[in-house]
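To start, the structure itself, in structure tokens.
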Amino acid sequence: MGRLTVSAVPVLNDNYVWLIRDPDSGETAAVDPSVADPVLQAAAADELHITQVLNTHWHPDHTGGNDGIRDATGCTITAPAEAERVSRIDRIVSEGDRVTVAGAEAVVWDIPAHTSGHIAYYFEDAGMIFVGDTMFAMGCGRLFEGTAEQMYANMQRIAALPGDVRIYCGHEYTLANARFAAHAEPGNSDILRRLEDAAALRERGLITLPTTVAEERATNPFVRARDVQEFARLRSEKDSFR
């Protein structure tokens with residue numbers, strides 16, 4: 001097995017589909033495909049063979065491409081049970097289950113709150129975690145189907161990983177999140193630096209992800225909240241922040 005690499009396929013308005021591949025064999029897993037065609041085109045352009053789809057939660061902007069990709073490639077779909085409301089799932093996974101991509105193993109985490117069955121895939125040896133819509137660069141997901149207590153626990157669990165672990169999330173929200181973070185912690189120079197960096201990258205049409213655990217510890221107000229009460233206040237403020 002070669003070293004895994006990850007690339008982004010931008011789709012819809014601000015979604016990313018992540019392609020995890022073994023460069024030697026071309027074996028590839030697509031994470032959270034919103035739609036099928038751009039993902040299939042990106043794989044074909046790089047001579048990649050999609051053998052798996054990994055979903056983090058059921059929302060259609062993360063699962064809508066499942067069936068089209070499986071029809072085109074014969075791949076298997078791995079997902080939490082809640083994704084069955086959108087497409088047929090070949091393997092249902094939850095906390096502690098193991099998933100193998102091109103010889104690399106990921107452990108599944110249950111991280112509910114954005115949706116009740118939301119999961120993450122943590123590739124410990126590769127130093128990367130795919131968190132869907134639970135954590136974003138400098139932000140976190142909305143509490144659609146869970147509680148502030150659950151989401152705060154998720155933030156702390158992810159933030160406890162080694163600082164160099166790369167975090168792959170589902171949307172390009174970094175600039176908006178950085179603006180809120182600067183509002184929440186106006187004296188944090190690390191946040192101001194990231195705000196400038198994110199603005200420069202987006203002005204050039206470039207991706208701001210992945211982020212890292214160390215960056216989130218330093219600049220994500222939802223990670224840095226002292227307790228669940230502060231987290232809940234920040235999440236409520238962010239819901240209406242413009």
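Ordering of the structure tokens sets the chain letters (A, B, ...), residue numbers begin anew at 1 in every chain, and ligands are numbered from 1 in the order given.
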
- Message: DSSP on the backbone: which residues in region 22-216 of chain A end up as alpha helix (DSSP H)? Give the answer as a ChimeraX atom specification.
- Response: /A:37-45,60-63,66-73,148-159,174-184,189-203,213-216

Dump as a tab-separated table the rows for residues of region 97-151 of chain A within 12 Å of region 71-77 of chain A: closest atom pair and distance in Å with one decimal, only C-alpha atoms counted, ordered by chain and rising residue number.
```
residue	atom	partner	partner_atom	distance
A:Val99	CA	A:Ile77	CA	11.3
A:Thr100	CA	A:Thr76	CA	12.0
A:Val101	CA	A:Thr76	CA	11.5
```

- Item | Residue contacts of Gln52 (chain A) (12 Å, only C-alpha atoms) excluding same-chain residues fewer than 2 positions away, as a ChimeraX atom specification | /A:18-21,27-33,48-50,54-55,66-67,69-70,72-79,89-91,99-102

Region 169-238 of chain A near region 126-139 of chain A within 10 Å: what's each residue's closest atom pair and its distance in Å to one decimal, counting only C-alpha atoms, ordered by chain then ascending residue number, as a Markdown table?
```
| residue | atom | partner | partner_atom | distance |
| --- | --- | --- | --- | --- |
| A:Cys169 | CA | A:Gly132 | CA | 4.9 |
| A:Gly170 | CA | A:Gly132 | CA | 4.7 |
| A:His171 | CA | A:Phe136 | CA | 7.4 |
| A:Glu172 | CA | A:Phe136 | CA | 8.3 |
| A:Tyr173 | CA | A:Phe136 | CA | 7.0 |
| A:Thr174 | CA | A:Ala137 | CA | 5.3 |
| A:Leu175 | CA | A:Met138 | CA | 8.8 |
| A:Ala176 | CA | A:Gly139 | CA | 9.0 |
| A:Asn177 | CA | A:Met138 | CA | 5.5 |
| A:Ala178 | CA | A:Met138 | CA | 6.0 |
| A:Arg179 | CA | A:Met138 | CA | 9.3 |
| A:Phe180 | CA | A:Gly139 | CA | 8.6 |
| A:Ala181 | CA | A:Met138 | CA | 6.8 |
| A:Ala182 | CA | A:Met138 | CA | 9.9 |
| A:Ile191 | CA | A:Met138 | CA | 8.5 |
| A:Arg194 | CA | A:Met138 | CA | 9.1 |
| A:Leu195 | CA | A:Met138 | CA | 9.7 |
| A:Thr208 | CA | A:Ala137 | CA | 8.3 |
| A:Leu209 | CA | A:Ala137 | CA | 7.5 |
| A:Pro210 | CA | A:Ala137 | CA | 7.9 |
| A:Thr211 | CA | A:Ala137 | CA | 5.9 |
| A:Thr212 | CA | A:Ala137 | CA | 8.4 |
| A:Val213 | CA | A:Ala137 | CA | 9.6 |
| A:Glu215 | CA | A:Met138 | CA | 8.3 |
| A:Glu216 | CA | A:Met138 | CA | 6.1 |
| A:Arg217 | CA | A:Met138 | CA | 9.1 |
| A:Ala218 | CA | A:Met138 | CA | 9.1 |
| A:Thr219 | CA | A:Met138 | CA | 6.0 |
| A:Asn220 | CA | A:Met138 | CA | 4.0 |
| A:Pro221 | CA | A:Met138 | CA | 6.8 |
| A:Phe222 | CA | A:Gly139 | CA | 6.4 |
| A:Val223 | CA | A:Gly139 | CA | 8.3 |
| A:Arg235 | CA | A:Gly139 | CA | 9.2 |
| A:Lys238 | CA | A:Gly139 | CA | 9.1 |
```

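Distance-wise, CA of Glu196 (chain A) and CA of Arg166 (chain A) end up 20.6 Å apart.
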
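Note that the spacing between CA of Glu84 (chain A) and CA of Met151 (chain A) amounts to 23.0 Å.
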
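Nearest residue to Ile167 (chain A), choosing from A:Thr147, A:Tyr121, A:Glu203, A:Leu40 and counting only C-alpha atoms: A:Tyr121.
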
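One finds CA of Ala104 (chain A) at 28.2 Å from CA of Leu206 (chain A).
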
- Task: Output as a ChimeraX atom specification all residues of region 4-162 of chain A that backbone DSSP marks as strand (DSSP E or B).
- Result: /A:5-11,15-21,27-31,49-54,76-79,91-92,98-101,104-110,119-123,128-132,135-136,139-140

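Among the candidate residues A:Ala36, A:Ile207, A:Ala232, A:Val6, the one lying nearest to Asp22 (chain A) is A:Val6, with distances computed using only C-alpha atoms.
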
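If only C-alpha atoms are the atoms counted, then among A:Ala214, A:Asp24, A:Glu47, A:Ala106 the closest residue to Ala159 (chain A) is A:Ala214.
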
- Message: Please determine, counting only C-alpha atoms, which residue among A:Val165, A:Glu95, A:Phe231, A:Pro80 has the shortest atom-to-atom distance to Gln150 (chain A).
- Response: A:Phe231

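Residues lying within 8 Å of Trp58 (chain A), counting only C-alpha atoms and ignoring same-chain neighbours fewer than 5 positions away, are Thr63, Pro80, Glu82, Ala83, Glu84, Arg85, Val86, Thr115 and His118 of chain A.
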
Mind dumping the selected residues with N, CA and C atoms as a PDB file, in the first residue's frame?
```
ATOM      1  N   THR A  63     -25.133  12.624   0.657  1.00  0.00           N
ATOM      2  CA  THR A  63     -25.477  11.258   0.245  1.00  0.00           C
ATOM      3  C   THR A  63     -26.130  11.186  -1.129  1.00  0.00           C
ATOM      4  N   PRO A  80     -23.711   5.525   8.437  1.00  0.00           N
ATOM      5  CA  PRO A  80     -24.534   5.284   9.621  1.00  0.00           C
ATOM      6  C   PRO A  80     -25.933   4.844   9.204  1.00  0.00           C
ATOM      7  N   GLU A  82     -28.784   5.969   9.761  1.00  0.00           N
ATOM      8  CA  GLU A  82     -29.716   7.021   9.364  1.00  0.00           C
ATOM      9  C   GLU A  82     -29.685   7.311   7.870  1.00  0.00           C
ATOM     10  N   ALA A  83     -28.569   6.983   7.198  1.00  0.00           N
ATOM     11  CA  ALA A  83     -28.462   7.261   5.763  1.00  0.00           C
ATOM     12  C   ALA A  83     -29.361   6.366   4.929  1.00  0.00           C
ATOM     13  N   GLU A  84     -29.916   5.328   5.526  1.00  0.00           N
ATOM     14  CA  GLU A  84     -30.835   4.468   4.780  1.00  0.00           C
ATOM     15  C   GLU A  84     -32.083   5.218   4.338  1.00  0.00           C
ATOM     16  N   ARG A  85     -32.372   6.347   4.935  1.00  0.00           N
ATOM     17  CA  ARG A  85     -33.537   7.118   4.492  1.00  0.00           C
ATOM     18  C   ARG A  85     -33.293   7.770   3.136  1.00  0.00           C
ATOM     19  N   VAL A  86     -32.022   7.816   2.693  1.00  0.00           N
ATOM     20  CA  VAL A  86     -31.693   8.451   1.418  1.00  0.00           C
ATOM     21  C   VAL A  86     -31.325   7.430   0.353  1.00  0.00           C
ATOM     22  N   THR A 115     -26.763  15.725  13.210  1.00  0.00           N
ATOM     23  CA  THR A 115     -27.821  14.732  13.058  1.00  0.00           C
ATOM     24  C   THR A 115     -27.650  13.714  14.180  1.00  0.00           C
ATOM     25  N   HIS A 118     -24.843  11.004  13.293  1.00  0.00           N
ATOM     26  CA  HIS A 118     -23.622  11.483  12.626  1.00  0.00           C
ATOM     27  C   HIS A 118     -22.402  10.708  13.128  1.00  0.00           C
TER      28      HIS A 118
END
```
